[in-house]
Amino acid sequence: PRTPTPHRRRLWLGLVVATWVVLVLLAPSFAWCAVPLFFTTLRTLPPRAAAALVTVLTVFVVAAQLKLSTAFDPNLLLAPPAIAALATAVFIHMERQAQAQRALIDDLIRTRRELAATERREGTLAERQRLSMEIHDTLAQHLSSQQMLLQAADRTWDSDPATARAHVRTATGIAARGLAEARRLVHDLAPPELDNGTGLADALRALDAGPDIEVRFHLEGTPAPLPDRAESALLRIAQGALANIREHSGAHTAALTLSFLGDQVVLDIADDGTGFTAAT
């Protein structure tokens with residue numbers, strides 16, 4: 001359900017107060033129903049307007065009590081303002097506690113985001129360091145060995161063709177091992193959502209944009225095998241789009257549609273957010 005706007009809340013408060021005034025005029029015993037109206041007024045109106053309305057309500061309560069009383073009693077003049085002051089003090093105390101809790105929650109959320117960002121940076125740096133070491137220990141060594149073998153083959157090509165061809169064959173074997181190692185490194189960089197043979201459709205179906213956004217997935221056509229790089233790219237695009245929807249669109253629903261159209265694959269991403277006005 002949508003939260004009522006401030007204007008609508010003030011309109012309802014005005015109608016309730018007007019009804020209460022009519023009831024008090026008809027039956028002064030309704031005057032003490034003003035106590036819940038005190039809290040509603042303080043929560044709905046700005047401080048100055050709330051204080052003025054609480055004062056008016058208190059005056060009505062005093063007048064109603066004096067009308068009901070057969071003899072003058074000072075308590076009839078003192079009790080309603082005291083109750084109004086107590087209600088106001090309780091509300092102010094509760095509001096300050098609520099503000100302190102909201103500030104604490106905001107600090108916790110901000111701290112959690114900062115920790116998550118720090119962990120992502122540390123993870124990225126660690127992954128870069130691991131990859132640099134693996135590339136140095138494998139691919140760089142393979143390339144260096146190939147270079148030396150090919151240089152040796154070039155020097156002995158005319159004087160000792162058999163040795164030169166042996167060097168070339170050895171370099172070819174090292175190149176094959178280097179290619180396999182490069183493919184292994186590229187496979188390690190694939191998104192973890194595609195590990196263990198998980199298909200692109202299942203990985204997209206499992207994506208989440210947060211507790212406030214419903215993500216719907218629709219598959220069209222017959223799924224066909226895709227290159228690992230294509231699946232990784234499509235999944236990363238969907239993840240980035242959902243992150244933007246969560247942070248900027250104010251949407252409640254996002255839709256992912258993966259379509260296999262013969263020799264083509266299309267990923268459509270839509271949401272019901274507010275969008276933006278393009279600059280002219």
# chains A, B, ... in the order shown; residues from 1 in each chain; ligands from 1
$ residues_around --residues "Arg246 of chain A" --least-positions-apart "4" --cutoff "10 Å" --atoms "only C-alpha atoms" --output "list in words"
Asp208, Ala209, Gly210, Pro211, Asp212, Ile213, Gly240, Ala241, Leu242, Gly250, Ala251, His252, Thr253, Ala254 and Gly273 of chain A
$ write_last_selection --atoms "N, CA, C and O atoms" --output "PDB file, in the first residue's frame"
ATOM      1  N   ASP A 208      19.062 -11.553  -8.324  1.00  0.00           N
ATOM      2  CA  ASP A 208      18.244 -10.848  -7.329  1.00  0.00           C
ATOM      3  C   ASP A 208      18.636  -9.378  -7.342  1.00  0.00           C
ATOM      4  O   ASP A 208      19.814  -9.046  -7.457  1.00  0.00           O
ATOM      5  N   ALA A 209      17.642  -8.487  -7.218  1.00  0.00           N
ATOM      6  CA  ALA A 209      17.908  -7.046  -7.200  1.00  0.00           C
ATOM      7  C   ALA A 209      17.623  -6.416  -5.850  1.00  0.00           C
ATOM      8  O   ALA A 209      17.552  -5.203  -5.736  1.00  0.00           O
ATOM      9  N   GLY A 210      17.439  -7.217  -4.810  1.00  0.00           N
ATOM     10  CA  GLY A 210      17.163  -6.656  -3.492  1.00  0.00           C
ATOM     11  C   GLY A 210      15.758  -6.999  -3.033  1.00  0.00           C
ATOM     12  O   GLY A 210      14.900  -7.449  -3.812  1.00  0.00           O
ATOM     13  N   PRO A 211      15.484  -6.778  -1.737  1.00  0.00           N
ATOM     14  CA  PRO A 211      14.193  -7.190  -1.181  1.00  0.00           C
ATOM     15  C   PRO A 211      13.007  -6.396  -1.691  1.00  0.00           C
ATOM     16  O   PRO A 211      11.873  -6.865  -1.608  1.00  0.00           O
ATOM     17  N   ASP A 212      13.234  -5.194  -2.229  1.00  0.00           N
ATOM     18  CA  ASP A 212      12.116  -4.333  -2.643  1.00  0.00           C
ATOM     19  C   ASP A 212      11.805  -4.429  -4.130  1.00  0.00           C
ATOM     20  O   ASP A 212      10.914  -3.733  -4.613  1.00  0.00           O
ATOM     21  N   ILE A 213      12.553  -5.247  -4.871  1.00  0.00           N
ATOM     22  CA  ILE A 213      12.363  -5.333  -6.316  1.00  0.00           C
ATOM     23  C   ILE A 213      12.127  -6.793  -6.701  1.00  0.00           C
ATOM     24  O   ILE A 213      12.920  -7.669  -6.357  1.00  0.00           O
ATOM     25  N   GLY A 240      24.854  -5.829 -13.956  1.00  0.00           N
ATOM     26  CA  GLY A 240      25.053  -4.384 -13.918  1.00  0.00           C
ATOM     27  C   GLY A 240      23.751  -3.621 -14.075  1.00  0.00           C
ATOM     28  O   GLY A 240      23.515  -2.611 -13.400  1.00  0.00           O
ATOM     29  N   ALA A 241      22.864  -4.107 -14.953  1.00  0.00           N
ATOM     30  CA  ALA A 241      21.579  -3.442 -15.153  1.00  0.00           C
ATOM     31  C   ALA A 241      20.725  -3.514 -13.890  1.00  0.00           C
ATOM     32  O   ALA A 241      20.099  -2.530 -13.486  1.00  0.00           O
ATOM     33  N   LEU A 242      20.698  -4.663 -13.238  1.00  0.00           N
ATOM     34  CA  LEU A 242      19.908  -4.787 -12.007  1.00  0.00           C
ATOM     35  C   LEU A 242      20.481  -3.911 -10.895  1.00  0.00           C
ATOM     36  O   LEU A 242      19.731  -3.351 -10.082  1.00  0.00           O
ATOM     37  N   GLY A 250      14.179   3.435  -8.674  1.00  0.00           N
ATOM     38  CA  GLY A 250      13.004   3.432  -7.819  1.00  0.00           C
ATOM     39  C   GLY A 250      11.940   2.459  -8.290  1.00  0.00           C
ATOM     40  O   GLY A 250      10.750   2.642  -8.026  1.00  0.00           O
ATOM     41  N   ALA A 251      12.359   1.403  -8.977  1.00  0.00           N
ATOM     42  CA  ALA A 251      11.411   0.446  -9.533  1.00  0.00           C
ATOM     43  C   ALA A 251      10.981  -0.579  -8.487  1.00  0.00           C
ATOM     44  O   ALA A 251      11.658  -0.796  -7.481  1.00  0.00           O
ATOM     45  N   HIS A 252       9.834  -1.208  -8.760  1.00  0.00           N
ATOM     46  CA  HIS A 252       9.346  -2.306  -7.920  1.00  0.00           C
ATOM     47  C   HIS A 252       9.438  -3.650  -8.637  1.00  0.00           C
ATOM     48  O   HIS A 252       9.421  -4.691  -7.995  1.00  0.00           O
ATOM     49  N   THR A 253       9.542  -3.606  -9.969  1.00  0.00           N
ATOM     50  CA  THR A 253       9.596  -4.834 -10.756  1.00  0.00           C
ATOM     51  C   THR A 253      10.607  -4.666 -11.880  1.00  0.00           C
ATOM     52  O   THR A 253      10.671  -3.608 -12.514  1.00  0.00           O
ATOM     53  N   ALA A 254      11.399  -5.703 -12.106  1.00  0.00           N
ATOM     54  CA  ALA A 254      12.328  -5.741 -13.238  1.00  0.00           C
ATOM     55  C   ALA A 254      12.086  -7.041 -14.000  1.00  0.00           C
ATOM     56  O   ALA A 254      11.752  -8.073 -13.400  1.00  0.00           O
ATOM     57  N   GLY A 273      10.521   1.624 -13.297  1.00  0.00           N
ATOM     58  CA  GLY A 273      11.054   2.758 -12.535  1.00  0.00           C
ATOM     59  C   GLY A 273      10.655   4.088 -13.136  1.00  0.00           C
ATOM     60  O   GLY A 273       9.945   4.190 -14.133  1.00  0.00           O
TER      61      GLY A 273
END
$ residues_around --residues "Arg10 of chain A" --least-positions-apart "3" --cutoff "8 Å" --atoms "only C-alpha atoms" --output "ChimeraX atom specification"
/A:6-7,13-14,44-45
$ select_by_dssp --residues "segment 99-274 of chain A" --states "helix (DSSP H, G or I)" --output "PyMOL selection string"
chain A and resi 99-156+161-188+192-197+200-205+228-249
$ residues_around --residues "Gln239 of chain A" --least-positions-apart "3" --cutoff "9 Å" --atoms "only C-alpha atoms" --output "tab-separated table (two decimals) with N, CA, C and O atoms, in the first residue's frame"
chain	number	residue	atom	x	y	z
A	204	LEU	N	20.52	-16.44	-14.93
A	204	LEU	CA	19.70	-15.22	-15.00
A	204	LEU	C	18.46	-15.36	-14.13
A	204	LEU	O	18.03	-14.39	-13.49
A	207	LEU	N	19.06	-14.44	-10.46
A	207	LEU	CA	19.52	-13.10	-10.10
A	207	LEU	C	18.52	-12.41	-9.17
A	207	LEU	O	17.31	-12.64	-9.25
A	208	ASP	N	19.06	-11.55	-8.32
A	208	ASP	CA	18.24	-10.85	-7.33
A	208	ASP	C	18.64	-9.38	-7.34
A	208	ASP	O	19.81	-9.05	-7.46
A	209	ALA	N	17.64	-8.49	-7.22
A	209	ALA	CA	17.91	-7.05	-7.20
A	209	ALA	C	17.62	-6.42	-5.85
A	209	ALA	O	17.55	-5.20	-5.74
A	234	LEU	N	26.83	-11.65	-21.14
A	234	LEU	CA	25.39	-11.43	-20.94
A	234	LEU	C	25.03	-11.41	-19.46
A	234	LEU	O	24.22	-10.60	-19.01
A	235	LEU	N	25.65	-12.31	-18.67
A	235	LEU	CA	25.36	-12.34	-17.25
A	235	LEU	C	25.86	-11.06	-16.58
A	235	LEU	O	25.17	-10.48	-15.72
A	236	ARG	N	27.05	-10.60	-16.93
A	236	ARG	CA	27.57	-9.36	-16.35
A	236	ARG	C	26.69	-8.17	-16.71
A	236	ARG	O	26.47	-7.27	-15.89
A	242	LEU	N	20.70	-4.66	-13.24
A	242	LEU	CA	19.91	-4.79	-12.01
A	242	LEU	C	20.48	-3.91	-10.89
A	242	LEU	O	19.73	-3.35	-10.08
A	243	ALA	N	21.80	-3.78	-10.85
A	243	ALA	CA	22.41	-2.89	-9.86
A	243	ALA	C	21.98	-1.44	-10.10
A	243	ALA	O	21.65	-0.70	-9.16
A	244	ASN	N	21.94	-1.02	-11.37
A	244	ASN	CA	21.50	0.34	-11.68
A	244	ASN	C	20.01	0.52	-11.36
A	244	ASN	O	19.60	1.58	-10.87
$ residues_around --residues "Thr172 of chain A" --least-positions-apart "4" --cutoff "12 Å" --atoms "only C-alpha atoms" --output "list in words"
His142, Leu143, Ser145, Gln146, Gln147, Leu149, Leu150, Arg165, Ala166, His167, Val168, Ala176, Arg177, Gly178 and Leu179 of chain A
$ write_last_selection --atoms "N, CA, C and O atoms" --output "short mmCIF file (atom, residue, chain, number, x, y, z; two decimals), in the first residue's frame"
data_model
loop_
_atom_site.label_atom_id
_atom_site.label_comp_id
_atom_site.auth_asym_id
_atom_site.auth_seq_id
_atom_site.Cartn_x
_atom_site.Cartn_y
_atom_site.Cartn_z
N HIS A 142 56.50 -19.88 -20.62
CA HIS A 142 56.29 -20.56 -21.90
C HIS A 142 56.74 -19.68 -23.07
O HIS A 142 57.41 -20.16 -24.00
N LEU A 143 56.34 -18.41 -23.03
CA LEU A 143 56.74 -17.51 -24.12
C LEU A 143 58.25 -17.34 -24.19
O LEU A 143 58.85 -17.28 -25.28
N SER A 145 60.51 -19.52 -23.21
CA SER A 145 61.09 -20.76 -23.75
C SER A 145 60.90 -20.85 -25.26
O SER A 145 61.81 -21.25 -26.01
N GLN A 146 59.70 -20.47 -25.74
CA GLN A 146 59.47 -20.48 -27.18
C GLN A 146 60.43 -19.54 -27.91
O GLN A 146 60.96 -19.88 -28.97
N GLN A 147 60.62 -18.36 -27.34
CA GLN A 147 61.53 -17.40 -27.98
C GLN A 147 62.93 -17.96 -28.10
O GLN A 147 63.57 -17.87 -29.17
N LEU A 149 63.90 -21.16 -28.11
CA LEU A 149 63.92 -22.28 -29.04
C LEU A 149 63.86 -21.82 -30.49
O LEU A 149 64.57 -22.35 -31.36
N LEU A 150 63.00 -20.82 -30.75
CA LEU A 150 62.90 -20.32 -32.12
C LEU A 150 64.17 -19.60 -32.55
O LEU A 150 64.59 -19.68 -33.71
N ARG A 165 64.53 -28.24 -36.75
CA ARG A 165 63.15 -28.72 -36.74
C ARG A 165 62.76 -29.27 -35.37
O ARG A 165 61.61 -29.12 -34.93
N ALA A 166 63.71 -29.87 -34.66
CA ALA A 166 63.42 -30.36 -33.31
C ALA A 166 63.09 -29.20 -32.37
O ALA A 166 62.16 -29.29 -31.55
N HIS A 167 63.86 -28.11 -32.53
CA HIS A 167 63.57 -26.92 -31.72
C HIS A 167 62.17 -26.38 -32.03
O HIS A 167 61.42 -25.98 -31.11
N VAL A 168 61.80 -26.38 -33.31
CA VAL A 168 60.48 -25.87 -33.69
C VAL A 168 59.38 -26.76 -33.12
O VAL A 168 58.35 -26.27 -32.62
N ALA A 176 51.33 -25.09 -27.32
CA ALA A 176 50.07 -25.78 -27.03
C ALA A 176 49.78 -25.78 -25.54
O ALA A 176 48.64 -25.55 -25.11
N ARG A 177 50.82 -26.04 -24.73
CA ARG A 177 50.61 -26.01 -23.28
C ARG A 177 50.27 -24.60 -22.80
O ARG A 177 49.44 -24.40 -21.91
N GLY A 178 50.91 -23.59 -23.40
CA GLY A 178 50.60 -22.21 -23.03
C GLY A 178 49.18 -21.84 -23.39
O GLY A 178 48.49 -21.13 -22.63
N LEU A 179 48.70 -22.33 -24.55
CA LEU A 179 47.32 -22.05 -24.95
C LEU A 179 46.33 -22.69 -23.97
O LEU A 179 45.34 -22.08 -23.58
#
$ atom_distance --atom1 "atom CA of Ala255 of chain A" --atom2 "atom CA of Ala270 of chain A"
5.2 Å
$ closest_atom_pairs --of "segment 9-41 of chain A" --to "segment 78-84 of chain A" --cutoff "10 Å" --atoms "only C-alpha atoms" --output "tab-separated table"
residue	atom	partner	partner_atom	distance
A:Ala31	CA	A:Pro80	CA	9.8
A:Trp32	CA	A:Pro80	CA	8.7
A:Ala34	CA	A:Ala84	CA	9.1
A:Val35	CA	A:Ala84	CA	7.4
A:Phe38	CA	A:Ala84	CA	7.0
A:Phe39	CA	A:Ala84	CA	9.4
$ closest_residue --among "A:Phe72, A:Phe260, A:Phe217, A:Trp12" --to "Leu37 of chain A" --atoms "only C-alpha atoms"
A:Trp12
$ residues_around --residues "Phe60 of chain A" --least-positions-apart "5" --cutoff "9 Å" --atoms "only C-alpha atoms" --output "compact mmCIF listing (two decimals) with N, CA and C atoms, in the first residue's frame"
# COMPACT_ATOMS: atom_id res chain seq x y z
N VAL A 21 -14.96 18.27 17.31
CA VAL A 21 -15.53 19.53 17.80
C VAL A 21 -17.06 19.44 17.82
N VAL A 24 -18.14 17.30 20.71
CA VAL A 24 -17.97 17.99 21.99
C VAL A 24 -19.08 19.00 22.20
N ALA A 31 -14.95 15.24 25.28
CA ALA A 31 -13.78 16.12 25.28
C ALA A 31 -12.48 15.35 25.46
N THR A 55 -3.14 23.57 21.56
CA THR A 55 -3.67 24.60 22.46
C THR A 55 -5.17 24.78 22.27
N GLN A 65 -15.28 20.66 30.14
CA GLN A 65 -15.29 20.22 31.53
C GLN A 65 -16.01 21.23 32.43
$ closest_residue --among "A:Leu104, A:Glu214, A:Leu131, A:Glu220" --to "Glu181 of chain A" --atoms "only C-alpha atoms"
A:Leu131
$ residues_around --residues "Pro28 of chain A" --least-positions-apart "2" --cutoff "8 Å" --atoms "only C-alpha atoms" --output "number ranges by chain"
A: 23-26, 30-31, 64-65, 67-68
$ write_last_selection --atoms "all heavy atoms" --output "CSV table (one decimal), in the first residue's frame"
chain,number,residue,atom,x,y,z
A,23,LEU,N,-18.9,16.7,18.1
A,23,LEU,CA,-19.3,15.8,19.1
A,23,LEU,C,-19.2,16.5,20.5
A,23,LEU,O,-20.0,16.3,21.4
A,23,LEU,CB,-18.4,14.6,19.1
A,23,LEU,CG,-18.6,13.6,17.9
A,23,LEU,CD1,-17.6,12.5,17.9
A,23,LEU,CD2,-20.1,13.1,17.9
A,24,VAL,N,-18.1,17.3,20.7
A,24,VAL,CA,-18.0,18.0,22.0
A,24,VAL,C,-19.1,19.0,22.2
A,24,VAL,O,-19.6,19.2,23.3
A,24,VAL,CB,-16.6,18.6,22.1
A,24,VAL,CG1,-16.5,19.6,23.3
A,24,VAL,CG2,-15.5,17.6,22.1
A,25,LEU,N,-19.5,19.7,21.1
A,25,LEU,CA,-20.6,20.7,21.3
A,25,LEU,C,-21.9,20.0,21.6
A,25,LEU,O,-22.7,20.5,22.3
A,25,LEU,CB,-20.7,21.5,20.0
A,25,LEU,CG,-19.5,22.4,19.7
A,25,LEU,CD1,-19.7,23.1,18.3
A,25,LEU,CD2,-19.3,23.5,20.8
A,26,LEU,N,-22.1,18.8,21.0
A,26,LEU,CA,-23.3,18.0,21.3
A,26,LEU,C,-23.3,17.3,22.6
A,26,LEU,O,-24.3,17.3,23.3
A,26,LEU,CB,-23.6,17.0,20.2
A,26,LEU,CG,-23.8,17.6,18.8
A,26,LEU,CD1,-24.0,16.5,17.7
A,26,LEU,CD2,-25.1,18.5,18.8
A,30,PHE,N,-17.3,13.9,25.4
A,30,PHE,CA,-16.4,13.5,24.3
A,30,PHE,C,-15.1,14.3,24.4
A,30,PHE,O,-14.2,14.0,23.6
A,30,PHE,CB,-17.0,13.7,22.9
A,30,PHE,CG,-17.9,12.6,22.6
A,30,PHE,CD1,-19.3,12.7,22.7
A,30,PHE,CD2,-17.4,11.4,22.1
A,30,PHE,CE1,-20.2,11.7,22.3
A,30,PHE,CE2,-18.3,10.3,21.7
A,30,PHE,CZ,-19.7,10.5,21.8
A,31,ALA,N,-14.9,15.2,25.3
A,31,ALA,CA,-13.8,16.1,25.3
A,31,ALA,C,-12.5,15.3,25.5
A,31,ALA,O,-11.5,15.7,24.8
A,31,ALA,CB,-13.9,17.2,26.4
A,64,ALA,N,-15.4,22.3,27.8
A,64,ALA,CA,-16.3,21.2,28.0
A,64,ALA,C,-16.4,20.7,29.4
A,64,ALA,O,-17.5,20.4,29.9
A,64,ALA,CB,-15.9,20.0,27.1
A,65,GLN,N,-15.3,20.7,30.1
A,65,GLN,CA,-15.3,20.2,31.5
A,65,GLN,C,-16.0,21.2,32.4
A,65,GLN,O,-16.7,20.9,33.3
A,65,GLN,CB,-13.9,20.0,32.0
A,65,GLN,CG,-13.1,18.9,31.3
A,65,GLN,CD,-13.9,17.5,31.5
A,65,GLN,OE1,-14.2,17.1,32.6
A,65,GLN,NE2,-14.2,16.9,30.3
A,67,LYS,N,-18.4,23.1,31.5
A,67,LYS,CA,-19.8,23.1,31.1
A,67,LYS,C,-20.4,21.9,31.9
A,67,LYS,O,-21.6,22.0,32.3
A,67,LYS,CB,-20.0,22.9,29.6
A,67,LYS,CG,-21.4,22.9,29.2
A,67,LYS,CD,-21.5,22.9,27.7
A,67,LYS,CE,-23.0,22.9,27.2
A,67,LYS,NZ,-23.1,22.9,25.8
A,68,LEU,N,-19.7,20.8,32.0
A,68,LEU,CA,-20.2,19.6,32.7
A,68,LEU,C,-20.3,19.8,34.2
A,68,LEU,O,-21.1,19.2,34.9
A,68,LEU,CB,-19.4,18.4,32.3
A,68,LEU,CG,-19.6,17.8,30.9
A,68,LEU,CD1,-18.6,16.7,30.7
A,68,LEU,CD2,-21.0,17.3,30.7
$ closest_residue --among "A:Gln97, A:Ile174, A:Arg113, A:Thr124" --to "Met148 of chain A" --atoms "only C-alpha atoms"
A:Ile174
$ residues_around --residues "Ser259 of chain A" --least-positions-apart "3" --cutoff "7 Å" --atoms "only C-alpha atoms" --output "list in words"
Leu219, Glu220, Gly221, Val265, Val266 and Leu267 of chain A
$ atom_distance --atom1 "atom CA of Ala182 of chain A" --atom2 "atom CA of Arg128 of chain A"
15.1 Å
$ select_by_dssp --residues "segment 41-273 of chain A" --states "strand (DSSP E)" --output "number ranges by chain"
A: 214-220, 253-261, 264-271
$ atom_distance --atom1 "atom CA of His136 of chain A" --atom2 "atom CA of Arg183 of chain A"
15.4 Å
